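Student: So here's coords_33.cif (mmCIF, C-alpha atoms).
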```cif
data_work
loop_
_atom_site.label_atom_id
_atom_site.label_comp_id
_atom_site.auth_asym_id
_atom_site.auth_seq_id
_atom_site.Cartn_x
_atom_site.Cartn_y
_atom_site.Cartn_z
CA MET M 214 185.73 -129.16 51.12
CA ILE M 215 182.33 -129.15 52.82
CA ASP M 216 181.46 -125.61 51.72
CA GLU M 217 181.76 -126.64 48.06
CA TYR M 218 178.39 -128.34 48.27
CA ALA M 219 174.90 -126.90 48.39
CA VAL M 220 173.28 -130.31 48.91
CA GLU M 221 174.86 -133.28 50.70
CA ILE M 222 173.00 -136.56 51.06
CA THR M 223 174.45 -139.61 52.79
CA ALA M 224 172.95 -143.12 53.09
CA LEU M 225 169.44 -141.66 52.89
CA ARG M 226 166.55 -144.10 53.31
CA ARG M 227 162.82 -143.58 53.39
CA VAL M 228 160.46 -146.46 54.07
CA PHE M 229 156.69 -146.05 53.95
CA ALA M 230 154.68 -148.37 56.20
CA THR M 231 152.16 -150.64 54.54
CA GLY M 232 148.65 -151.45 55.72
CA LYS M 233 145.80 -149.25 56.89
CA GLY M 234 145.15 -147.10 59.92
CA LEU M 235 146.95 -147.91 63.15
CA ARG M 236 147.57 -151.51 62.11
CA LYS M 237 150.34 -150.81 59.67
CA ARG M 238 152.60 -153.81 59.42
CA GLY M 239 155.01 -155.60 57.14
CA PRO M 240 158.39 -154.50 55.81
CA GLY M 241 156.97 -151.38 54.15
CA HIS M 242 157.70 -149.79 50.79
CA VAL M 243 161.28 -148.62 50.32
CA ALA M 244 161.11 -145.32 48.41
CA LEU M 245 164.76 -144.36 48.94
CA ASP M 246 167.39 -147.02 49.51
CA GLY M 247 170.73 -145.62 50.67
CA VAL M 248 171.00 -142.56 48.45
CA ASP M 249 174.36 -140.74 48.37
CA LEU M 250 174.52 -137.47 46.43
CA ALA M 251 176.53 -134.24 46.54
CA VAL M 252 175.49 -131.20 44.49
CA ARG M 253 178.01 -128.37 44.16
CA LYS M 254 177.11 -124.74 44.73
CA GLY M 255 176.08 -123.05 41.50
CA GLU M 256 175.37 -126.37 39.79
CA VAL M 257 172.27 -127.32 37.81
CA HIS M 258 171.75 -130.96 38.74
CA GLY M 259 169.15 -133.25 37.22
CA LEU M 260 167.47 -136.21 38.89
CA LEU M 261 166.41 -138.33 35.96
CA GLY M 262 164.19 -141.34 36.46
CA PRO M 263 160.79 -142.93 35.85
CA ASN M 264 157.64 -142.25 37.81
CA GLY M 265 157.94 -143.97 41.18
CA ALA M 266 161.74 -143.92 41.18
CA GLY M 267 161.97 -141.84 44.37
CA LYS M 268 162.58 -138.38 42.91
CA THR M 269 159.66 -136.63 44.59
CA THR M 270 160.29 -138.39 47.91
CA LEU M 271 163.85 -137.07 47.83
CA CYS M 272 162.58 -133.55 47.08
CA LYS M 273 160.13 -133.70 49.99
CA ILE M 274 162.90 -134.70 52.38
CA LEU M 275 165.19 -131.92 51.14
CA SER M 276 162.37 -129.40 51.53
CA THR M 277 161.67 -130.63 55.12
CA VAL M 278 158.17 -131.80 54.19
CA LEU M 279 159.05 -135.43 54.90
CA LEU M 280 161.37 -136.99 57.47
CA PRO M 281 163.95 -139.57 56.40
CA THR M 282 163.83 -143.03 57.94
CA SER M 283 167.62 -142.98 58.28
CA GLY M 284 170.67 -141.25 56.84
CA THR M 285 171.33 -137.53 56.57
CA ALA M 286 170.56 -134.69 54.18
CA LYS M 287 171.95 -131.16 54.36
CA VAL M 288 171.22 -127.97 52.42
CA LEU M 289 174.01 -125.38 52.58
CA GLY M 290 175.33 -127.27 55.59
CA PHE M 291 172.00 -127.18 57.47
CA ASP M 292 170.48 -130.51 58.47
CA VAL M 293 166.95 -131.05 57.15
CA VAL M 294 165.83 -132.64 60.42
CA GLY M 295 167.62 -130.59 63.08
CA GLN M 296 167.76 -127.19 61.32
CA THR M 297 164.52 -127.06 59.35
CA SER M 298 164.01 -123.29 59.61
CA ARG M 299 167.48 -122.57 58.20
CA VAL M 300 166.87 -125.01 55.34
CA ARG M 301 163.54 -123.36 54.50
CA GLU M 302 165.14 -119.91 54.48
CA SER M 303 167.74 -121.11 51.97
CA MET M 304 165.50 -122.98 49.54
CA GLY M 305 162.84 -122.19 46.97
CA ILE M 306 160.53 -125.04 45.99
CA VAL M 307 158.49 -125.61 42.84
CA PHE M 308 156.36 -128.76 42.77
CA GLY M 309 154.59 -129.73 39.55
CA GLY M 310 150.83 -129.42 39.21
CA GLU M 311 148.53 -126.84 40.77
CA ARG M 312 149.33 -127.26 44.47
CA GLY M 313 150.24 -124.11 46.38
CA LEU M 314 148.38 -121.53 44.28
CA TYR M 315 145.21 -119.67 45.21
CA GLY M 316 142.93 -119.69 42.19
CA ARG M 317 140.73 -116.76 43.25
CA LEU M 318 143.75 -114.51 43.65
CA THR M 319 145.59 -112.90 40.77
CA ALA M 320 149.15 -113.84 39.86
CA ARG M 321 150.34 -110.62 41.49
CA GLN M 322 148.35 -111.27 44.67
CA ASN M 323 149.67 -114.82 44.92
CA LEU M 324 153.26 -113.60 44.71
CA LYS M 325 152.64 -110.76 47.17
CA PHE M 326 151.24 -113.25 49.65
CA TRP M 327 154.24 -115.56 49.39
CA GLY M 328 156.64 -112.64 49.38
CA ALA M 329 155.12 -111.35 52.63
CA LEU M 330 155.67 -114.77 54.20
CA HIS M 331 159.35 -114.36 53.28
CA GLY M 332 159.45 -111.04 55.13
CA LEU M 333 159.14 -108.68 52.13
CA HIS M 334 156.97 -105.57 52.49
CA GLY M 335 156.23 -102.26 50.82
CA LYS M 336 158.32 -101.14 47.87
CA ALA M 337 160.74 -104.08 48.15
CA LEU M 338 157.83 -106.52 47.82
CA ARG M 339 156.26 -104.66 44.88
CA THR M 340 159.58 -104.47 43.05
CA ARG M 341 160.32 -108.14 43.64
CA VAL M 342 156.90 -109.23 42.39
CA ASP M 343 157.06 -107.02 39.28
CA THR M 344 160.53 -108.33 38.45
CA LEU M 345 159.45 -111.96 38.78
CA LEU M 346 156.28 -111.48 36.74
CA GLU M 347 158.37 -110.03 33.94
CA ARG M 348 160.94 -112.80 34.29
CA VAL M 349 158.38 -115.57 33.79
CA GLY M 350 156.51 -113.71 31.04
CA LEU M 351 153.30 -112.94 32.94
CA THR M 352 153.36 -109.14 33.14
CA GLY M 353 150.38 -108.89 30.80
CA ARG M 354 148.33 -111.31 32.93
CA ALA M 355 149.56 -110.18 36.33
CA ASP M 356 146.14 -108.97 37.49
CA ASP M 357 144.10 -111.90 36.17
CA ARG M 358 142.86 -114.62 38.49
CA VAL M 359 145.02 -117.71 38.48
CA GLU M 360 141.96 -119.97 38.21
CA GLY M 361 141.61 -118.83 34.59
CA PHE M 362 145.21 -119.67 33.67
CA SER M 363 146.27 -122.62 31.57
CA ARG M 364 148.29 -125.33 33.28
CA GLY M 365 151.48 -124.01 31.72
CA MET M 366 150.78 -120.47 32.92
CA LYS M 367 150.12 -121.75 36.43
CA GLN M 368 153.47 -123.45 36.30
CA ARG M 369 155.08 -120.10 35.48
CA VAL M 370 153.47 -118.65 38.60
CA HIS M 371 154.93 -121.60 40.52
CA LEU M 372 158.38 -120.74 39.19
CA ALA M 373 158.01 -117.12 40.26
CA ARG M 374 156.79 -118.26 43.67
CA GLY M 375 159.89 -120.44 44.05
CA LEU M 376 162.10 -117.39 43.45
CA VAL M 377 160.20 -114.87 45.56
CA GLY M 378 162.40 -115.42 48.61
CA ASP M 379 165.60 -115.00 46.57
CA PRO M 380 166.80 -118.53 47.47
CA ALA M 381 170.35 -119.79 47.07
CA VAL M 382 169.02 -123.27 46.28
CA LEU M 383 166.03 -123.88 44.02
CA LEU M 384 164.30 -127.26 43.92
CA LEU M 385 162.18 -127.89 40.81
CA ASP M 386 160.01 -131.01 40.71
CA GLU M 387 158.88 -131.65 37.11
CA PRO M 388 158.95 -127.88 36.40
CA THR M 389 157.82 -127.94 32.75
CA THR M 390 154.71 -130.05 33.35
CA GLY M 391 151.94 -128.65 31.15
CA MET M 392 154.13 -126.08 29.41
CA ASP M 393 153.94 -125.63 25.66
CA PRO M 394 157.23 -125.82 23.70
CA VAL M 395 157.72 -122.04 23.71
CA ALA M 396 157.22 -121.78 27.47
CA ALA M 397 159.52 -124.77 28.04
CA LYS M 398 162.21 -123.07 25.97
CA ASP M 399 161.81 -119.89 28.01
CA PHE M 400 162.13 -121.97 31.16
CA ARG M 401 165.45 -123.39 29.99
CA SER M 402 166.70 -119.87 29.36
CA LEU M 403 165.61 -118.95 32.89
CA VAL M 404 167.62 -121.86 34.31
CA GLY M 405 170.66 -120.53 32.45
CA GLU M 406 170.13 -117.14 34.11
CA LEU M 407 169.87 -118.78 37.53
CA ARG M 408 173.14 -120.60 36.92
CA ALA M 409 174.78 -117.29 35.96
CA GLU M 410 173.58 -115.90 39.30
CA ASN M 411 175.42 -118.79 41.01
CA ARG M 412 172.23 -120.32 42.36
CA THR M 413 172.08 -124.07 42.82
CA VAL M 414 169.22 -125.74 40.95
CA LEU M 415 168.05 -129.31 41.51
CA ILE M 416 165.61 -130.50 38.84
CA THR M 417 163.64 -133.74 38.84
CA THR M 418 162.45 -134.81 35.43
CA HIS M 419 161.89 -137.65 33.03
CA ASP M 420 162.16 -135.22 30.10
CA MET M 421 165.34 -136.25 28.32
CA VAL M 422 165.66 -133.06 26.26
CA GLU M 423 165.35 -130.97 29.40
CA ALA M 424 168.08 -132.96 31.15
CA GLU M 425 170.42 -132.72 28.17
CA GLN M 426 169.95 -128.99 27.66
CA VAL M 427 169.99 -127.48 31.15
CA CYS M 428 171.92 -129.76 33.52
CA ASP M 429 175.61 -129.68 34.43
CA ARG M 430 175.33 -133.18 35.84
CA VAL M 431 172.61 -135.81 35.82
CA SER M 432 171.90 -138.54 38.38
CA LEU M 433 169.99 -141.54 37.07
CA ILE M 434 167.67 -142.84 39.79
CA ASP M 435 165.52 -145.96 39.79
CA ALA M 436 163.81 -147.95 42.57
CA GLY M 437 165.13 -145.50 45.15
CA ARG M 438 168.79 -145.91 44.21
CA ILE M 439 171.24 -143.69 42.34
CA LEU M 440 172.55 -145.73 39.41
CA ALA M 441 175.03 -143.18 38.09
CA THR M 442 175.93 -139.49 38.28
CA GLU M 443 177.55 -138.02 35.19
CA PRO M 444 177.74 -134.80 33.16
CA PRO M 445 175.47 -135.08 30.11
CA ALA M 446 178.62 -135.01 27.94
CA ALA M 447 179.98 -138.07 29.76
CA LEU M 448 176.80 -139.91 28.87
CA SER M 449 178.03 -139.73 25.27
CA GLU M 450 180.18 -142.74 26.14
CA TRP M 451 177.01 -144.68 26.83
CA ILE M 452 175.47 -143.25 23.69
CA THR M 453 178.44 -144.40 21.60
CA ARG M 454 178.12 -147.86 23.10
CA PHE M 455 174.54 -148.08 21.82
CA GLU M 456 175.25 -146.68 18.34
CA ARG M 457 173.00 -147.89 15.52
CA VAL M 458 173.75 -148.98 11.97
CA ASP M 459 170.99 -148.72 9.34
CA VAL M 460 170.90 -150.14 5.82
CA PRO M 461 168.01 -149.81 3.34
CA ALA M 462 168.36 -153.48 2.40
CA ALA M 463 170.75 -156.38 2.93
CA PRO M 464 170.74 -160.08 2.02
CA ALA M 465 169.11 -162.22 4.70
CA GLU M 466 172.17 -164.46 5.01
CA VAL M 467 174.39 -161.42 5.62
CA VAL M 468 172.04 -160.09 8.30
CA ALA M 469 171.93 -163.52 9.98
CA ARG M 470 175.72 -163.74 10.05
CA LEU M 471 176.27 -160.22 11.40
CA ARG M 472 173.61 -160.79 14.03
CA GLU M 473 176.04 -163.22 15.70
CA LEU M 474 178.88 -160.72 16.05
CA PRO M 475 179.87 -159.95 19.66
CA GLY M 476 178.44 -156.57 20.68
CA VAL M 477 175.42 -156.70 18.37
CA GLY M 478 172.49 -156.40 20.73
CA SER M 479 169.52 -156.69 18.40
CA VAL M 480 168.55 -156.55 14.75
CA SER M 481 165.20 -155.25 13.53
CA THR M 482 163.62 -155.03 10.08
CA GLU M 483 160.92 -152.62 8.98
CA ASP M 484 159.77 -152.04 5.39
CA GLY M 485 162.91 -153.76 4.14
CA ARG M 486 165.24 -151.53 6.19
CA VAL M 487 167.54 -153.25 8.66
CA ARG M 488 168.74 -151.70 11.92
CA PHE M 489 171.59 -153.13 13.99
CA GLU M 490 171.67 -152.04 17.65
CA THR M 491 175.08 -152.29 19.29
CA THR M 492 176.00 -152.70 22.96
CA GLN M 493 179.77 -152.18 22.83
CA GLU M 494 181.86 -149.22 21.72
CA GLY M 495 183.49 -149.73 18.31
CA VAL M 496 181.10 -152.43 17.12
CA ALA M 497 179.28 -150.04 14.77
CA ALA M 498 182.50 -149.45 12.81
CA GLN M 499 183.01 -153.22 12.51
CA LEU M 500 179.49 -153.61 11.16
CA VAL M 501 179.99 -150.88 8.58
CA ARG M 502 183.18 -152.51 7.30
CA ALA M 503 181.54 -155.94 7.16
CA LEU M 504 178.51 -154.62 5.28
CA VAL M 505 180.67 -152.79 2.73
CA ASP M 506 182.73 -155.96 2.23
CA GLU M 507 179.48 -157.78 1.50
CA GLY M 508 178.61 -155.27 -1.23
CA VAL M 509 176.11 -153.15 0.71
CA THR M 510 176.72 -149.64 -0.59
CA SER M 511 174.26 -147.58 1.47
CA VAL M 512 175.05 -147.60 5.19
CA THR M 513 174.34 -144.96 7.83
CA THR M 514 175.17 -144.75 11.52
CA SER M 515 173.39 -142.78 14.21
CA LYS M 516 173.62 -142.26 17.94
CA PRO M 517 170.68 -142.73 20.27
CA SER M 518 169.25 -139.86 22.26
CA LEU M 519 169.57 -139.69 26.02
CA GLU M 520 166.00 -141.01 26.15
CA GLU M 521 167.00 -144.16 24.29
CA VAL M 522 170.03 -144.63 26.54
CA TYR M 523 167.67 -144.17 29.48
CA LEU M 524 165.51 -147.00 28.16
CA HIS M 525 168.57 -149.23 27.74
CA VAL M 526 169.51 -148.58 31.37
CA PHE M 527 166.08 -148.72 33.00
CA GLY M 528 164.21 -150.91 30.54
CA HIS M 529 160.93 -149.97 28.89
CA ASN M 530 159.05 -150.31 32.17
CA GLY M 531 160.82 -147.13 33.26
CA MET M 532 158.50 -145.03 31.14
CA ALA M 533 155.37 -146.48 32.75
CA VAL M 534 153.72 -145.28 35.92
CA ARG M 535 154.57 -147.59 38.80
CA LYS M 536 151.97 -148.57 41.39
#
```
How would this structure read if it were set down as structure tokens?
Tutor:
Amino acid sequence: MIDEYAVEITALRRVFATGKGLRKRGPGHVALDGVDLAVRKGEVHGLLGPNGAGKTTLCKILSTVLLPTSGTAKVLGFDVVGQTSRVRESMGIVFGGERGLYGRLTARQNLKFWGALHGLHGKALRTRVDTLLERVGLTGRADDRVEGFSRGMKQRVHLARGLVGDPAVLLLDEPTTGMDPVAAKDFRSLVGELRAENRTVLITTHDMVEAEQVCDRVSLIDAGRILATEPPAALSEWITRFERVDVPAAPAEVVARLRELPGVGSVSTEDGRVRFETTQEGVAAQLVRALVDEGVTSVTTSKPSLEEVYLHVFGHNGMAVRK
């Protein structure tokens, strides 16, 4: 049913013209290439991909900052092109970095300003601001100028700003940028609270731990295309496929023979230790049996993290900044 979804994206494309000034020519840069995505109401959905994958472009279209070249995108049933005001009323936005904050104002003054733009006044505004400052752990610094805040503290103000209008849908673009581990942990707890309030949260990130811990589903995006959309638990199938087998030592002839087994992706040696990387489910068990049969008595298996699976899918260039 249509009303199941907070965000609906169909065949979405965004092409940026190349060249300078009025003489822009050529095929242009394709930032989004036919993206289809549906995010259910009350879901925490992660967009996981490398820098330059198209995550921020998608966020800008959903937040009505950028127009799509073609395709459609809807937030709570409202079209981002034809019903921009309704989309903006429904959505809170948190972009990474320091954009959107006034450094010479205090945290409280910043939130009061943004709250007033959302139509809050008087006691309702004061109560909302105080509640949000407490929620993001800034009550003790509420009346300090933002220009003196650390990057992580500024990001907390951003989070409060995104919630000041009490949005049904919250869009977080790299929300833990600059946060220390304690603040990042608090942020994950906050996302859990937002889920309990039945808000829809869309998070863009390349932080694997963040995606694993807070998201109900994750979409892997690269080069402007959605490669897969799965619950983090379903990614365990991929993780099992890439299971590793480690041995402290093994005869060279045994290693050479096992290297040729189907489903053994690579073999590496470091300080005498040998690691077999697998690419098919069940191959790790075969390796263990073969090693034991060859007299190797110390064998361990381990599963890769989501980050390592990410690298298998995207390749190591996925962790680099793309130009």
Student: Could you jot down the atom CA of M:Val228 to atom CA of M:Ile434 separation for me, Å, one decimal place?
Tutor: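 Rounded to one decimal, the two atoms are 16.4 Å apart.
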Student: Give one line per residue of stretch 438-471 of chain M that approaches stretch 254-264 of chain M to at most 10 Å, naming the two atoms of the closest pair and their distance in Å to one decimal, counting only C-alpha atoms; sort by chain then ascending residue number and deliver it as JSON lines.
Tutor:
```
{"residue": "M:Ile439", "atom": "CA", "partner": "M:Leu260", "partner_atom": "CA", "distance": 9.1}
{"residue": "M:Leu440", "atom": "CA", "partner": "M:Gly262", "partner_atom": "CA", "distance": 9.9}
{"residue": "M:Thr442", "atom": "CA", "partner": "M:Leu260", "partner_atom": "CA", "distance": 9.1}
{"residue": "M:Glu443", "atom": "CA", "partner": "M:His258", "partner_atom": "CA", "distance": 9.8}
{"residue": "M:Pro444", "atom": "CA", "partner": "M:His258", "partner_atom": "CA", "distance": 9.0}
{"residue": "M:Pro445", "atom": "CA", "partner": "M:Gly259", "partner_atom": "CA", "distance": 9.7}
```
Student: Need the shell around stretch 280-291 of chain M: protein/DNA/RNA residues with any atom at most 10 Å away, counting only C-alpha atoms. Skip same-chain ones fewer than 6 positions apart. Format as a ChimeraX atom specification?
Tutor: /M:215-229,243,245-254,270-271,273-274,297-301,303-304,381-382
Student: Atom CA of M:Pro517 and atom CA of M:Ala424, how far apart in Å?
Tutor: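 Straight-line distance from atom CA of M:Ala424 to atom CA of M:Pro517 works out to 14.9 Å.
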Student: So, counting all atoms listed in the file, which residue among M:Leu500, M:Leu333, M:Cys272, M:Leu345 is closest to M:Asp386?
Tutor: M:Cys272
Student: Measure the distance from atom CA of M:Thr390 to atom CA of M:Asp420 in Å and round it to one decimal.
Tutor: 9.6 Å
Student: Which residue gives the smallest distance to M:Ala355 among M:Val370, M:Leu384, M:Leu403, M:Ile416, with all atoms listed in the file counted?
Tutor: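 Smallest distance to M:Ala355 is found for M:Val370.
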Student: For M:Ala469, please output as a list in words all residues within 12 Å (counting only C-alpha atoms; exclusion window: fewer than 4 positions along the same chain).
Tutor: Ala463, Pro464, Ala465, Glu473, Leu474, Val477, Ser479, Val480, Ser481, Thr482, Val487 and Phe489 of chain M
Student: Given the PyMOL selection byres ((chain M and resi 497) around 12) and the file above, list the residues it selects as a PyMOL selection string.
Tutor: chain M and resi 452-459+471+474-478+488-496+498-504+512-516
Student: Selected residues, C-alpha atoms, written as a tab-separated table (two decimals), in the frame of the given file, please.
Tutor:
```tsv
chain	number	residue	atom	x	y	z
M	452	ILE	CA	175.47	-143.25	23.69
M	453	THR	CA	178.44	-144.40	21.60
M	454	ARG	CA	178.12	-147.86	23.10
M	455	PHE	CA	174.54	-148.08	21.82
M	456	GLU	CA	175.25	-146.68	18.34
M	457	ARG	CA	173.00	-147.89	15.52
M	458	VAL	CA	173.75	-148.98	11.97
M	459	ASP	CA	170.99	-148.72	9.34
M	471	LEU	CA	176.27	-160.22	11.40
M	474	LEU	CA	178.88	-160.72	16.05
M	475	PRO	CA	179.87	-159.95	19.66
M	476	GLY	CA	178.44	-156.57	20.68
M	477	VAL	CA	175.42	-156.70	18.37
M	478	GLY	CA	172.49	-156.40	20.73
M	488	ARG	CA	168.74	-151.70	11.92
M	489	PHE	CA	171.59	-153.13	13.99
M	490	GLU	CA	171.67	-152.04	17.65
M	491	THR	CA	175.08	-152.29	19.29
M	492	THR	CA	176.00	-152.70	22.96
M	493	GLN	CA	179.77	-152.18	22.83
M	494	GLU	CA	181.86	-149.22	21.72
M	495	GLY	CA	183.49	-149.73	18.31
M	496	VAL	CA	181.10	-152.43	17.12
M	498	ALA	CA	182.50	-149.45	12.81
M	499	GLN	CA	183.01	-153.22	12.51
M	500	LEU	CA	179.49	-153.61	11.16
M	501	VAL	CA	179.99	-150.88	8.58
M	502	ARG	CA	183.18	-152.51	7.30
M	503	ALA	CA	181.54	-155.94	7.16
M	504	LEU	CA	178.51	-154.62	5.28
M	512	VAL	CA	175.05	-147.60	5.19
M	513	THR	CA	174.34	-144.96	7.83
M	514	THR	CA	175.17	-144.75	11.52
M	515	SER	CA	173.39	-142.78	14.21
M	516	LYS	CA	173.62	-142.26	17.94
```
Student: Quick test: take stretch 263-355 of chain M, keep C-alpha atoms, and write it as a PDB file, in the first residue's frame.
Tutor:
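part.pdb, written as the output of this step:
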```
ATOM      1  CA  PRO M 263      31.820   5.602  -0.649  1.00  0.00           C
ATOM      2  CA  ASN M 264      32.392   9.306  -1.097  1.00  0.00           C
ATOM      3  CA  GLY M 265      31.040  10.321  -4.499  1.00  0.00           C
ATOM      4  CA  ALA M 266      28.539   7.458  -4.655  1.00  0.00           C
ATOM      5  CA  GLY M 267      25.515   9.778  -4.891  1.00  0.00           C
ATOM      6  CA  LYS M 268      24.321   9.740  -1.275  1.00  0.00           C
ATOM      7  CA  THR M 269      24.393  13.497  -0.711  1.00  0.00           C
ATOM      8  CA  THR M 270      22.870  14.216  -4.130  1.00  0.00           C
ATOM      9  CA  LEU M 271      19.972  11.945  -3.217  1.00  0.00           C
ATOM     10  CA  CYS M 272      19.558  13.744   0.124  1.00  0.00           C
ATOM     11  CA  LYS M 273      19.510  17.143  -1.588  1.00  0.00           C
ATOM     12  CA  ILE M 274      16.777  16.003  -3.954  1.00  0.00           C
ATOM     13  CA  LEU M 275      14.688  14.580  -1.112  1.00  0.00           C
ATOM     14  CA  SER M 276      15.089  17.819   0.838  1.00  0.00           C
ATOM     15  CA  THR M 277      14.024  19.886  -2.247  1.00  0.00           C
ATOM     16  CA  VAL M 278      17.414  21.608  -2.445  1.00  0.00           C
ATOM     17  CA  LEU M 279      18.155  20.048  -5.830  1.00  0.00           C
ATOM     18  CA  LEU M 280      15.882  19.150  -8.736  1.00  0.00           C
ATOM     19  CA  PRO M 281      16.063  15.690 -10.310  1.00  0.00           C
ATOM     20  CA  THR M 282      16.889  15.406 -13.995  1.00  0.00           C
ATOM     21  CA  SER M 283      14.194  12.740 -14.362  1.00  0.00           C
ATOM     22  CA  GLY M 284      12.230  10.255 -12.286  1.00  0.00           C
ATOM     23  CA  THR M 285      10.178  10.925  -9.173  1.00  0.00           C
ATOM     24  CA  ALA M 286      10.725  11.196  -5.435  1.00  0.00           C
ATOM     25  CA  LYS M 287       8.018  11.502  -2.783  1.00  0.00           C
ATOM     26  CA  VAL M 288       8.113  12.119   0.970  1.00  0.00           C
ATOM     27  CA  LEU M 289       4.962  11.011   2.805  1.00  0.00           C
ATOM     28  CA  GLY M 290       3.242  10.997  -0.571  1.00  0.00           C
ATOM     29  CA  PHE M 291       4.257  14.577  -1.431  1.00  0.00           C
ATOM     30  CA  ASP M 292       6.252  15.101  -4.620  1.00  0.00           C
ATOM     31  CA  VAL M 293       9.583  16.857  -4.076  1.00  0.00           C
ATOM     32  CA  VAL M 294       9.149  18.936  -7.235  1.00  0.00           C
ATOM     33  CA  GLY M 295       5.437  19.768  -7.262  1.00  0.00           C
ATOM     34  CA  GLN M 296       4.761  19.903  -3.496  1.00  0.00           C
ATOM     35  CA  THR M 297       7.967  21.313  -2.045  1.00  0.00           C
ATOM     36  CA  SER M 298       6.340  23.182   0.853  1.00  0.00           C
ATOM     37  CA  ARG M 299       4.561  20.034   2.080  1.00  0.00           C
ATOM     38  CA  VAL M 300       7.811  18.057   1.859  1.00  0.00           C
ATOM     39  CA  ARG M 301       9.683  20.703   3.864  1.00  0.00           C
ATOM     40  CA  GLU M 302       7.006  20.704   6.552  1.00  0.00           C
ATOM     41  CA  SER M 303       7.365  16.936   6.935  1.00  0.00           C
ATOM     42  CA  MET M 304      11.147  16.632   7.002  1.00  0.00           C
ATOM     43  CA  GLY M 305      14.011  17.513   9.303  1.00  0.00           C
ATOM     44  CA  ILE M 306      17.464  17.714   7.724  1.00  0.00           C
ATOM     45  CA  VAL M 307      20.919  17.323   9.239  1.00  0.00           C
ATOM     46  CA  PHE M 308      23.854  17.781   6.875  1.00  0.00           C
ATOM     47  CA  GLY M 309      27.362  17.005   8.088  1.00  0.00           C
ATOM     48  CA  GLY M 310      29.868  19.779   8.754  1.00  0.00           C
ATOM     49  CA  GLU M 311      29.215  23.290  10.017  1.00  0.00           C
ATOM     50  CA  ARG M 312      26.710  24.565   7.445  1.00  0.00           C
ATOM     51  CA  GLY M 313      23.490  26.044   8.800  1.00  0.00           C
ATOM     52  CA  LEU M 314      24.701  27.211  12.211  1.00  0.00           C
ATOM     53  CA  TYR M 315      25.331  30.783  13.333  1.00  0.00           C
ATOM     54  CA  GLY M 316      28.599  30.839  15.232  1.00  0.00           C
ATOM     55  CA  ARG M 317      28.009  34.127  17.070  1.00  0.00           C
ATOM     56  CA  LEU M 318      24.731  32.859  18.476  1.00  0.00           C
ATOM     57  CA  THR M 319      24.456  30.450  21.381  1.00  0.00           C
ATOM     58  CA  ALA M 320      23.122  26.928  20.971  1.00  0.00           C
ATOM     59  CA  ARG M 321      19.850  28.059  22.524  1.00  0.00           C
ATOM     60  CA  GLN M 322      19.583  31.085  20.224  1.00  0.00           C
ATOM     61  CA  ASN M 323      20.270  28.962  17.148  1.00  0.00           C
ATOM     62  CA  LEU M 324      17.475  26.564  18.068  1.00  0.00           C
ATOM     63  CA  LYS M 325      15.073  29.388  18.918  1.00  0.00           C
ATOM     64  CA  PHE M 326      15.718  30.932  15.520  1.00  0.00           C
ATOM     65  CA  TRP M 327      15.023  27.698  13.657  1.00  0.00           C
ATOM     66  CA  GLY M 328      12.065  26.916  15.881  1.00  0.00           C
ATOM     67  CA  ALA M 329      10.523  30.306  15.077  1.00  0.00           C
ATOM     68  CA  LEU M 330      10.880  29.538  11.368  1.00  0.00           C
ATOM     69  CA  HIS M 331       8.829  26.396  12.040  1.00  0.00           C
ATOM     70  CA  GLY M 332       6.086  28.510  13.606  1.00  0.00           C
ATOM     71  CA  LEU M 333       6.917  27.934  17.291  1.00  0.00           C
ATOM     72  CA  HIS M 334       6.633  30.876  19.697  1.00  0.00           C
ATOM     73  CA  GLY M 335       6.514  31.692  23.393  1.00  0.00           C
ATOM     74  CA  LYS M 336       6.355  28.887  25.921  1.00  0.00           C
ATOM     75  CA  ALA M 337       6.020  26.171  23.258  1.00  0.00           C
ATOM     76  CA  LEU M 338       9.276  27.324  21.662  1.00  0.00           C
ATOM     77  CA  ARG M 339      11.134  27.557  24.982  1.00  0.00           C
ATOM     78  CA  THR M 340       9.964  24.105  26.042  1.00  0.00           C
ATOM     79  CA  ARG M 341      10.888  22.567  22.702  1.00  0.00           C
ATOM     80  CA  VAL M 342      14.374  24.087  22.755  1.00  0.00           C
ATOM     81  CA  ASP M 343      15.050  23.035  26.362  1.00  0.00           C
ATOM     82  CA  THR M 344      13.898  19.492  25.616  1.00  0.00           C
ATOM     83  CA  LEU M 345      16.142  19.207  22.560  1.00  0.00           C
ATOM     84  CA  LEU M 346      19.182  20.654  24.328  1.00  0.00           C
ATOM     85  CA  GLU M 347      18.776  18.041  27.040  1.00  0.00           C
ATOM     86  CA  ARG M 348      18.219  15.309  24.472  1.00  0.00           C
ATOM     87  CA  VAL M 349      21.506  15.989  22.686  1.00  0.00           C
ATOM     88  CA  GLY M 350      23.453  16.557  25.905  1.00  0.00           C
ATOM     89  CA  LEU M 351      24.057  20.303  25.573  1.00  0.00           C
ATOM     90  CA  THR M 352      22.082  21.710  28.504  1.00  0.00           C
ATOM     91  CA  GLY M 353      25.283  22.772  30.259  1.00  0.00           C
ATOM     92  CA  ARG M 354      26.528  24.637  27.155  1.00  0.00           C
ATOM     93  CA  ALA M 355      23.179  25.969  25.982  1.00  0.00           C
TER      94      ALA M 355
END
```
